[in-house]
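Novice: Below: one structure in structure tokens.
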Amino acid sequence: MAKVILVRSPLEIAKNDQAGYGWSQMNFSEHSSVDSLMAAFRDQDVEIGRKGNQIRRFFNIRAGDLIVVPVARAILLARATGEKSFGLDILYGENRIGSRFLRAPDGTIKRIPRDDLSTALETRLKIRMAVASLDEFSDELETLYARLESGGFSNINSQHESENSEAIEAFKKTLLERIQQGHIFLSGGGNGMEMLVMELLKLEGYDVHRPSKQHYEGIADADIEAYRKDRFNPTKLLIQVKHHQGTTGAHGIRQLAAIDEDDAQRWLITTAISGEGAKALAEKDGIQIMDGNDFSDWLFEHCQNLSVVTRSRLGLSDAPMLL
């Protein structure tokens with residue numbers, strides 16, 4: 001049965017998938033048995049005091065044993081691979097045992113907050129020993145290791161946070177696809193999207209209205225004008241709204257660029273993605289673009305505060321969802 005062992009190893013060694021113990025005077029890896037090692041301590045007259053059990057425990061770590069490395073406010077977990085080695089480059093970690101640490105997908109070592117551990121285990125970690133048995137916590141630590149190894153989480157709060165984040169991203173993606181494809185009940189011809197954008201602007205504190213089609217000359221056009229005035233910054237927005245699927249071209253940019261008003265911010269809001277040509281033209285003319293993903297984020301921020309009618313037309317449920 002695998003043992004569970006606390007090793008106060010320097011973090012620098014953990015980065016190399018090793019756990020280390022001290023004793024720079026003695027290379028543990030040169031010995032085939034703990035009896036040989038202890039005899040070498042005596043022969044070289046190296047005083048070990050009351051550290052004999054810790055030396056034996058570290059030397060006897062075998063492949064498959066679970067190693068617990070305490071760090072600031074957390075622990076690291078590793079499965080011993082068994083290879084012994086020695087080095088003088090890191091103090092208090094000269095004697096080393098191969099240890100495969102749990103790592104995140106980006107390669108960083110997973111840190112398990114001590115708050116996620118049982119009170120008894122958290123208390124035991126305070127023991128003033130460099131190497132100690134944690135076999136009495138084997139069930140808790142092996143369960144934790146297995147959960148983290150399979151991509152799980154160290155506690156229910158972390159799991160809930162991740163699942164909630166995934167659910168939100170899936171919700172925004174599906175809602176945007178439904179809007180793009182017209183699988184909602186907003187009025188057609190672009191009017192419904194313009195009304196939705198106006199409602200979102202009102203929730204942001206803007207006064208809004210739609211200018212008549214005769215308000216601008218030539219190609220110049222804005223679907224929505226929005227105003228907000230606070231103590232310091234009066235703001236005017238001129239907005240083109242495009243209810244598109246796929247890619248939005250540069251026509252909306254040209255319509256906004258043709259408006260002769262220097263004091264207004266100009267925005268193209270589209271449910272699609274904007275093409276590279278449109279982006280380049282927008283940057284040249286000082287026009288900002290909110291594409292489908294950004295619009296979905298904005299809509300999600302306010303979806304709970306939309307009117308009952310709008311929520312119904314978007315197919316949003318009022319029922320809370322279980323993860």
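Going by the structure tokens order, chains are called A, B, ..., each with residues numbered from 1, while ligands are numbered from 1 in the order shown.
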Please provide as an MDAnalysis selection string all residues within 12 Å of region 312-318 of chain A, with the sequence filter that same-chain residues fewer than 3 positions apart are discarded (counting only C-alpha atoms).
Specialist: chainID A and resid 171:172 174:180 182:188 192:193 195:196 299:300 303:309 321
Novice: Might you pull out every residue within 12 Å of Ile48 (chain A), with only C-alpha atoms counted and same-chain residues fewer than 5 positions away left off, and present them as a CSV table (one decimal) with all heavy atoms, in the first residue's frame?
Specialist:
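Dumped to out.csv:
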chain,number,residue,atom,x,y,z
A,22,GLY,N,17.6,17.5,3.1
A,22,GLY,CA,19.0,18.0,3.2
A,22,GLY,C,20.1,17.0,3.3
A,22,GLY,O,20.2,16.1,2.5
A,23,TRP,N,21.0,17.2,4.3
A,23,TRP,CA,22.2,16.4,4.5
A,23,TRP,C,23.2,16.4,3.3
A,23,TRP,O,23.4,15.4,2.6
A,23,TRP,CB,21.7,14.9,4.8
A,23,TRP,CG,20.9,14.8,6.0
A,23,TRP,CD1,19.5,14.6,6.0
A,23,TRP,CD2,21.3,14.9,7.3
A,23,TRP,NE1,19.1,14.6,7.3
A,23,TRP,CE2,20.2,14.8,8.2
A,23,TRP,CE3,22.5,15.2,8.0
A,23,TRP,CZ2,20.2,14.9,9.5
A,23,TRP,CZ3,22.6,15.2,9.4
A,23,TRP,CH2,21.4,15.1,10.1
A,25,GLN,N,26.2,16.5,3.5
A,25,GLN,CA,27.4,15.7,3.8
A,25,GLN,C,27.3,14.2,3.3
A,25,GLN,O,28.3,13.5,3.2
A,25,GLN,CB,27.7,15.6,5.3
A,25,GLN,CG,27.6,16.9,6.1
A,25,GLN,CD,26.2,17.1,6.7
A,25,GLN,OE1,25.2,16.9,6.0
A,25,GLN,NE2,26.2,17.5,8.0
A,26,MET,N,26.1,13.8,2.9
A,26,MET,CA,25.8,12.4,2.6
A,26,MET,C,25.0,12.3,1.3
A,26,MET,O,23.9,12.8,1.2
A,26,MET,CB,25.1,11.7,3.7
A,26,MET,CG,25.1,10.2,3.7
A,26,MET,SD,26.7,9.5,3.8
A,26,MET,CE,27.2,10.1,5.5
A,37,LEU,N,23.1,3.3,4.5
A,37,LEU,CA,23.2,4.7,4.7
A,37,LEU,C,23.5,5.1,6.2
A,37,LEU,O,24.3,5.9,6.5
A,37,LEU,CB,21.9,5.4,4.2
A,37,LEU,CG,21.7,6.9,4.5
A,37,LEU,CD1,22.7,7.7,3.8
A,37,LEU,CD2,20.3,7.3,4.1
A,38,MET,N,22.8,4.4,7.1
A,38,MET,CA,23.0,4.7,8.5
A,38,MET,C,24.4,4.4,9.0
A,38,MET,O,25.0,5.1,9.8
A,38,MET,CB,21.9,4.0,9.3
A,38,MET,CG,20.5,4.4,9.0
A,38,MET,SD,20.1,6.2,8.9
A,38,MET,CE,20.2,6.6,10.7
A,39,ALA,N,24.9,3.3,8.4
A,39,ALA,CA,26.3,2.9,8.7
A,39,ALA,C,27.3,4.0,8.2
A,39,ALA,O,28.2,4.3,8.9
A,39,ALA,CB,26.6,1.6,8.1
A,40,ALA,N,27.0,4.6,7.1
A,40,ALA,CA,27.9,5.6,6.5
A,40,ALA,C,27.8,6.9,7.4
A,40,ALA,O,28.9,7.5,7.6
A,40,ALA,CB,27.4,6.0,5.1
A,41,PHE,N,26.7,7.2,8.0
A,41,PHE,CA,26.6,8.3,8.9
A,41,PHE,C,27.5,8.1,10.1
A,41,PHE,O,28.2,8.9,10.6
A,41,PHE,CB,25.1,8.5,9.4
A,41,PHE,CG,24.3,9.4,8.5
A,41,PHE,CD1,23.3,8.9,7.7
A,41,PHE,CD2,24.6,10.8,8.4
A,41,PHE,CE1,22.5,9.7,6.9
A,41,PHE,CE2,23.8,11.6,7.6
A,41,PHE,CZ,22.8,11.1,6.8
A,42,ARG,N,27.5,6.8,10.6
A,42,ARG,CA,28.3,6.5,11.8
A,42,ARG,C,29.8,6.5,11.4
A,42,ARG,O,30.6,7.0,12.2
A,42,ARG,CB,27.9,5.1,12.3
A,42,ARG,CG,26.5,5.1,13.0
A,42,ARG,CD,26.2,3.8,13.7
A,42,ARG,NE,26.3,2.7,12.8
A,42,ARG,CZ,25.2,2.2,12.2
A,42,ARG,NH1,24.0,2.8,12.4
A,42,ARG,NH2,25.3,1.1,11.4
A,53,ASN,N,14.7,8.7,12.2
A,53,ASN,CA,13.5,8.3,11.6
A,53,ASN,C,13.1,9.1,10.4
A,53,ASN,O,12.6,8.5,9.4
A,53,ASN,CB,12.3,8.4,12.6
A,53,ASN,CG,12.4,7.3,13.7
A,53,ASN,OD1,13.0,6.2,13.5
A,53,ASN,ND2,11.8,7.5,14.8
A,54,GLN,N,13.4,10.4,10.4
A,54,GLN,CA,13.1,11.2,9.2
A,54,GLN,C,14.0,10.7,8.0
A,54,GLN,O,13.6,10.7,6.9
A,54,GLN,CB,13.3,12.7,9.5
A,54,GLN,CG,12.4,13.2,10.5
A,54,GLN,CD,12.5,14.7,10.7
A,54,GLN,OE1,12.4,15.5,9.8
A,54,GLN,NE2,12.9,15.1,12.0
A,55,ILE,N,15.3,10.5,8.3
A,55,ILE,CA,16.2,10.0,7.3
A,55,ILE,C,15.7,8.7,6.7
A,55,ILE,O,15.7,8.5,5.5
A,55,ILE,CB,17.6,9.8,7.8
A,55,ILE,CG1,18.2,11.2,8.2
A,55,ILE,CG2,18.5,9.1,6.8
A,55,ILE,CD1,19.5,11.2,9.0
A,56,ARG,N,15.4,7.8,7.5
A,56,ARG,CA,14.9,6.5,7.1
A,56,ARG,C,13.6,6.6,6.2
A,56,ARG,O,13.4,6.0,5.2
A,56,ARG,CB,14.6,5.5,8.3
A,56,ARG,CG,15.8,5.1,9.0
A,56,ARG,CD,15.4,4.1,10.1
A,56,ARG,NE,16.6,3.6,10.8
A,56,ARG,CZ,17.2,4.3,11.9
A,56,ARG,NH1,16.6,5.4,12.4
A,56,ARG,NH2,18.3,3.8,12.5
Novice: Please, which residues in region 16-93 of chain A fall within 9 Å of region 106-120 of chain A when counting only C-alpha atoms, and what is the closest atom pair and distance in Å to one decimal for each, ordered by chain then residue number, as JSON lines?
Specialist:
{"residue": "A:Val71", "atom": "CA", "partner": "A:Arg111", "partner_atom": "CA", "distance": 8.5}
{"residue": "A:Ala72", "atom": "CA", "partner": "A:Pro113", "partner_atom": "CA", "distance": 9.0}
{"residue": "A:Arg73", "atom": "CA", "partner": "A:Arg114", "partner_atom": "CA", "distance": 5.7}
{"residue": "A:Ala74", "atom": "CA", "partner": "A:Pro113", "partner_atom": "CA", "distance": 4.2}
{"residue": "A:Ile75", "atom": "CA", "partner": "A:Ile112", "partner_atom": "CA", "distance": 5.3}
{"residue": "A:Leu76", "atom": "CA", "partner": "A:Arg111", "partner_atom": "CA", "distance": 5.4}
{"residue": "A:Leu77", "atom": "CA", "partner": "A:Lys110", "partner_atom": "CA", "distance": 7.9}
Novice: Which residues come within 12 Å of region 89-99 of chain A, counting only C-alpha atoms, excluding same-chain residues fewer than 3 positions away, as JSON, numbers by chain?
Specialist: {"A": [5, 7, 8, 9, 10, 11, 12, 13, 14, 15, 16, 17, 18, 19, 20, 21, 22, 23, 24, 25, 26, 27, 28, 29, 30, 31, 55, 57, 58, 59, 60, 61, 62, 63, 64, 65, 66, 67, 68, 69, 76, 77, 78, 79, 80, 81, 82, 83, 84, 85, 86, 102, 103, 109, 130, 131]}
Novice: Could you please determine the separation between CA of Arg228 (chain A) and CA of Ala250 (chain A) in Å, to one decimal place?
Specialist: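 Rounded to one decimal, the two atoms are 27.4 Å apart.
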Novice: Of the candidates A:Asp35, A:Glu169, A:Asp260, A:Asp230, which one gets nearest to Gly218 (chain A) if we count only C-alpha atoms?
Specialist: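 Among the listed residues, A:Asp260 lies closest to Gly218 (chain A).
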Novice: Name the residues of region 40-237 of chain A that come out as alpha helix (DSSP H) in a backbone DSSP run; write them as a compact mmCIF listing (two decimals) with N, CA, C and O atoms, in the first residue's frame.
Specialist:
# COMPACT_ATOMS: atom_id res chain seq x y z
N ALA A 40 26.99 4.57 7.08
CA ALA A 40 27.86 5.62 6.54
C ALA A 40 27.83 6.86 7.43
O ALA A 40 28.87 7.51 7.64
N PHE A 41 26.67 7.19 7.97
CA PHE A 41 26.59 8.31 8.91
C PHE A 41 27.50 8.06 10.11
O PHE A 41 28.25 8.94 10.56
N ARG A 42 27.46 6.83 10.62
CA ARG A 42 28.29 6.50 11.79
C ARG A 42 29.76 6.49 11.43
O ARG A 42 30.60 7.04 12.17
N ASP A 43 30.09 5.88 10.28
CA ASP A 43 31.49 5.77 9.89
C ASP A 43 32.12 7.14 9.66
O ASP A 43 33.31 7.35 9.94
N GLY A 52 17.02 10.35 12.88
CA GLY A 52 17.15 9.04 12.26
C GLY A 52 15.88 8.58 11.56
O GLY A 52 15.92 8.08 10.42
N ASN A 53 14.73 8.73 12.21
CA ASN A 53 13.48 8.26 11.61
C ASN A 53 13.12 9.06 10.35
O ASN A 53 12.58 8.51 9.39
N GLN A 54 13.43 10.36 10.38
CA GLN A 54 13.14 11.17 9.20
C GLN A 54 14.03 10.75 8.03
O GLN A 54 13.57 10.68 6.88
N ILE A 55 15.31 10.46 8.31
CA ILE A 55 16.22 10.00 7.26
C ILE A 55 15.73 8.69 6.68
O ILE A 55 15.67 8.52 5.45
N ARG A 56 15.35 7.76 7.55
CA ARG A 56 14.86 6.45 7.09
C ARG A 56 13.59 6.62 6.25
O ARG A 56 13.42 5.99 5.20
N ARG A 57 12.70 7.48 6.72
CA ARG A 57 11.42 7.67 6.02
C ARG A 57 11.65 8.24 4.62
O ARG A 57 11.04 7.79 3.65
N PHE A 58 12.54 9.21 4.50
CA PHE A 58 12.81 9.79 3.19
C PHE A 58 13.50 8.77 2.28
O PHE A 58 13.12 8.63 1.10
N PHE A 59 14.49 8.06 2.80
CA PHE A 59 15.22 7.10 1.99
C PHE A 59 14.29 6.00 1.48
O PHE A 59 14.47 5.50 0.36
N THR A 119 -9.69 20.10 8.96
CA THR A 119 -9.05 20.81 10.06
C THR A 119 -7.91 19.99 10.65
O THR A 119 -6.84 20.51 10.97
N ALA A 120 -8.16 18.70 10.78
CA ALA A 120 -7.13 17.82 11.37
C ALA A 120 -5.88 17.78 10.50
O ALA A 120 -4.75 17.84 11.01
N LEU A 121 -6.05 17.67 9.19
CA LEU A 121 -4.89 17.62 8.30
C LEU A 121 -4.17 18.96 8.28
O LEU A 121 -2.94 19.01 8.34
N GLU A 122 -4.92 20.04 8.24
CA GLU A 122 -4.30 21.36 8.24
C GLU A 122 -3.47 21.56 9.51
O GLU A 122 -2.38 22.14 9.47
N THR A 123 -3.97 21.06 10.63
CA THR A 123 -3.23 21.16 11.89
C THR A 123 -1.97 20.30 11.85
O THR A 123 -0.89 20.72 12.29
N ARG A 124 -2.08 19.10 11.29
CA ARG A 124 -0.94 18.18 11.21
C ARG A 124 0.20 18.76 10.37
O ARG A 124 1.38 18.51 10.65
N SER A 138 -4.51 9.27 4.65
CA SER A 138 -4.38 8.67 3.33
C SER A 138 -5.66 8.78 2.51
O SER A 138 -5.63 9.15 1.34
N ASP A 139 -6.80 8.47 3.13
CA ASP A 139 -8.06 8.48 2.39
C ASP A 139 -8.36 9.89 1.84
O ASP A 139 -8.72 10.05 0.67
N GLU A 140 -8.21 10.89 2.69
CA GLU A 140 -8.50 12.26 2.27
C GLU A 140 -7.56 12.70 1.15
O GLU A 140 -8.01 13.27 0.14
N LEU A 141 -6.26 12.44 1.32
CA LEU A 141 -5.28 12.93 0.35
C LEU A 141 -5.31 12.15 -0.96
O LEU A 141 -5.14 12.72 -2.04
N GLU A 142 -5.53 10.84 -0.89
CA GLU A 142 -5.62 10.05 -2.12
C GLU A 142 -6.87 10.44 -2.92
O GLU A 142 -6.84 10.51 -4.15
N THR A 143 -7.97 10.69 -2.21
CA THR A 143 -9.19 11.14 -2.89
C THR A 143 -8.97 12.49 -3.56
O THR A 143 -9.38 12.72 -4.70
N LEU A 144 -8.30 13.39 -2.84
CA LEU A 144 -8.00 14.71 -3.38
C LEU A 144 -7.09 14.60 -4.59
O LEU A 144 -7.31 15.26 -5.62
N TYR A 145 -6.06 13.75 -4.50
CA TYR A 145 -5.13 13.57 -5.61
C TYR A 145 -5.86 13.04 -6.84
O TYR A 145 -5.68 13.55 -7.96
N ALA A 146 -6.70 12.02 -6.65
CA ALA A 146 -7.42 11.42 -7.78
C ALA A 146 -8.34 12.44 -8.45
O ALA A 146 -8.44 12.49 -9.68
N ARG A 147 -9.01 13.26 -7.64
CA ARG A 147 -9.93 14.25 -8.19
C ARG A 147 -9.18 15.30 -9.01
O ARG A 147 -9.58 15.67 -10.10
N LEU A 148 -8.05 15.77 -8.48
CA LEU A 148 -7.25 16.77 -9.18
C LEU A 148 -6.58 16.19 -10.42
O LEU A 148 -6.47 16.85 -11.44
N GLU A 149 -6.14 14.95 -10.33
CA GLU A 149 -5.47 14.31 -11.47
C GLU A 149 -6.41 14.16 -12.65
O GLU A 149 -6.01 14.27 -13.81
N ILE A 156 -15.69 22.18 -3.47
CA ILE A 156 -16.93 22.38 -4.19
C ILE A 156 -17.05 23.81 -4.70
O ILE A 156 -17.66 24.07 -5.75
N ASN A 157 -16.47 24.78 -3.97
CA ASN A 157 -16.55 26.17 -4.43
C ASN A 157 -15.80 26.35 -5.74
O ASN A 157 -16.29 27.03 -6.65
N SER A 158 -14.60 25.77 -5.84
CA SER A 158 -13.82 25.86 -7.08
C SER A 158 -14.56 25.18 -8.22
O SER A 158 -14.60 25.68 -9.34
N GLN A 159 -15.14 24.02 -7.93
CA GLN A 159 -15.87 23.29 -8.96
C GLN A 159 -17.08 24.10 -9.43
O GLN A 159 -17.34 24.21 -10.62
N HIS A 160 -17.82 24.67 -8.47
CA HIS A 160 -19.01 25.45 -8.82
C HIS A 160 -18.62 26.66 -9.66
O HIS A 160 -19.29 26.99 -10.65
N GLU A 161 -17.54 27.34 -9.29
CA GLU A 161 -17.10 28.52 -10.02
C GLU A 161 -16.76 28.17 -11.46
O GLU A 161 -17.13 28.88 -12.40
N SER A 162 -16.05 27.05 -11.67
CA SER A 162 -15.67 26.65 -13.02
C SER A 162 -16.89 26.24 -13.83
O SER A 162 -17.05 26.64 -14.99
N GLU A 163 -17.78 25.43 -13.23
CA GLU A 163 -18.97 24.99 -13.94
C GLU A 163 -19.87 26.18 -14.28
O GLU A 163 -20.48 26.23 -15.35
N ASN A 164 -19.95 27.14 -13.36
CA ASN A 164 -20.77 28.32 -13.61
C ASN A 164 -20.20 29.14 -14.77
O ASN A 164 -20.94 29.62 -15.63
N SER A 165 -18.86 29.28 -14.80
CA SER A 165 -18.22 30.01 -15.89
C SER A 165 -18.47 29.33 -17.22
O SER A 165 -18.77 29.99 -18.23
N GLU A 166 -18.37 27.99 -17.25
CA GLU A 166 -18.62 27.25 -18.49
C GLU A 166 -20.07 27.41 -18.93
O GLU A 166 -20.36 27.55 -20.13
N ALA A 167 -21.00 27.37 -17.96
CA ALA A 167 -22.42 27.52 -18.29
C ALA A 167 -22.71 28.90 -18.87
O ALA A 167 -23.50 29.05 -19.80
N ILE A 168 -22.06 29.93 -18.30
CA ILE A 168 -22.26 31.29 -18.80
C ILE A 168 -21.76 31.42 -20.24
O ILE A 168 -22.44 31.99 -21.10
N GLU A 169 -20.56 30.87 -20.52
CA GLU A 169 -20.02 30.96 -21.88
C GLU A 169 -20.91 30.22 -22.87
O GLU A 169 -21.13 30.69 -24.00
N ALA A 170 -21.42 29.05 -22.45
CA ALA A 170 -22.31 28.29 -23.33
C ALA A 170 -23.61 29.06 -23.58
O ALA A 170 -24.13 29.09 -24.70
N PHE A 171 -24.12 29.71 -22.53
CA PHE A 171 -25.35 30.51 -22.65
C PHE A 171 -25.14 31.65 -23.64
O PHE A 171 -25.96 31.87 -24.54
N LYS A 172 -24.05 32.39 -23.48
CA LYS A 172 -23.80 33.54 -24.36
C LYS A 172 -23.63 33.09 -25.82
O LYS A 172 -24.12 33.75 -26.74
N LYS A 173 -22.94 31.99 -26.01
CA LYS A 173 -22.71 31.47 -27.36
C LYS A 173 -24.04 31.07 -28.01
O LYS A 173 -24.31 31.42 -29.17
N THR A 174 -24.88 30.35 -27.28
CA THR A 174 -26.16 29.90 -27.82
C THR A 174 -27.09 31.07 -28.09
O THR A 174 -27.76 31.13 -29.13
N LEU A 175 -27.13 32.03 -27.15
CA LEU A 175 -28.00 33.19 -27.34
C LEU A 175 -27.58 33.99 -28.57
O LEU A 175 -28.43 34.41 -29.37
N LEU A 176 -26.28 34.20 -28.74
CA LEU A 176 -25.81 34.93 -29.91
C LEU A 176 -26.17 34.21 -31.19
O LEU A 176 -26.61 34.82 -32.18
N GLU A 177 -26.00 32.88 -31.21
CA GLU A 177 -26.34 32.11 -32.41
C GLU A 177 -27.82 32.23 -32.73
O GLU A 177 -28.21 32.36 -33.90
N ARG A 178 -28.65 32.21 -31.72
CA ARG A 178 -30.10 32.34 -31.95
C ARG A 178 -30.44 33.73 -32.52
O ARG A 178 -31.27 33.85 -33.42
N ILE A 179 -29.77 34.76 -31.99
CA ILE A 179 -30.02 36.12 -32.49
C ILE A 179 -29.54 36.22 -33.93
O ILE A 179 -30.24 36.76 -34.81
N GLN A 180 -28.35 35.70 -34.22
CA GLN A 180 -27.81 35.77 -35.58
C GLN A 180 -28.72 35.07 -36.58
O GLN A 180 -28.96 35.56 -37.69
N GLN A 181 -29.23 33.91 -36.18
CA GLN A 181 -30.02 33.08 -37.09
C GLN A 181 -31.50 33.44 -37.10
O GLN A 181 -32.28 32.86 -37.85
N ASN A 191 -35.44 46.35 -37.06
CA ASN A 191 -36.10 47.16 -36.03
C ASN A 191 -35.95 46.54 -34.65
O ASN A 191 -35.71 47.23 -33.66
N GLY A 192 -36.12 45.22 -34.57
CA GLY A 192 -36.05 44.54 -33.27
C GLY A 192 -34.69 44.68 -32.62
O GLY A 192 -34.58 44.92 -31.41
N MET A 193 -33.61 44.55 -33.42
CA MET A 193 -32.26 44.70 -32.87
C MET A 193 -32.02 46.13 -32.41
O MET A 193 -31.39 46.36 -31.37
N GLU A 194 -32.50 47.10 -33.17
CA GLU A 194 -32.34 48.49 -32.77
C GLU A 194 -33.05 48.76 -31.45
O GLU A 194 -32.51 49.43 -30.56
N MET A 195 -34.25 48.21 -31.29
CA MET A 195 -34.99 48.39 -30.04
C MET A 195 -34.26 47.73 -28.87
O MET A 195 -34.23 48.27 -27.76
N LEU A 196 -33.64 46.57 -29.12
CA LEU A 196 -32.89 45.88 -28.07
C LEU A 196 -31.68 46.71 -27.65
O LEU A 196 -31.40 46.88 -26.45
N VAL A 197 -30.95 47.25 -28.62
CA VAL A 197 -29.79 48.09 -28.32
C VAL A 197 -30.22 49.34 -27.55
O VAL A 197 -29.56 49.75 -26.59
N MET A 198 -31.34 49.91 -27.92
CA MET A 198 -31.84 51.10 -27.21
C MET A 198 -32.18 50.76 -25.75
O MET A 198 -31.89 51.54 -24.84
N GLU A 199 -32.76 49.59 -25.54
CA GLU A 199 -33.08 49.19 -24.16
C GLU A 199 -31.80 49.00 -23.34
O GLU A 199 -31.74 49.40 -22.17
N LEU A 200 -30.78 48.41 -23.95
CA LEU A 200 -29.51 48.23 -23.25
C LEU A 200 -28.88 49.58 -22.92
O LEU A 200 -28.33 49.78 -21.83
N LEU A 201 -28.96 50.52 -23.86
CA LEU A 201 -28.41 51.85 -23.62
C LEU A 201 -29.15 52.55 -22.47
O LEU A 201 -28.53 53.23 -21.65
N LYS A 202 -30.45 52.40 -22.41
CA LYS A 202 -31.22 52.99 -21.31
C LYS A 202 -30.78 52.41 -19.97
O LYS A 202 -30.69 53.13 -18.97
N LEU A 203 -30.48 51.11 -19.95
CA LEU A 203 -29.99 50.49 -18.71
C LEU A 203 -28.62 51.02 -18.33
O LEU A 203 -28.23 50.97 -17.16
Novice: Kindly indicate which residue among A:His243, A:Arg100, A:Arg311, A:Lys284 lies nearest to Gly190 (chain A), using only C-alpha atoms for the distances.
Specialist: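 Smallest separation from Gly190 (chain A) among the options: A:His243.
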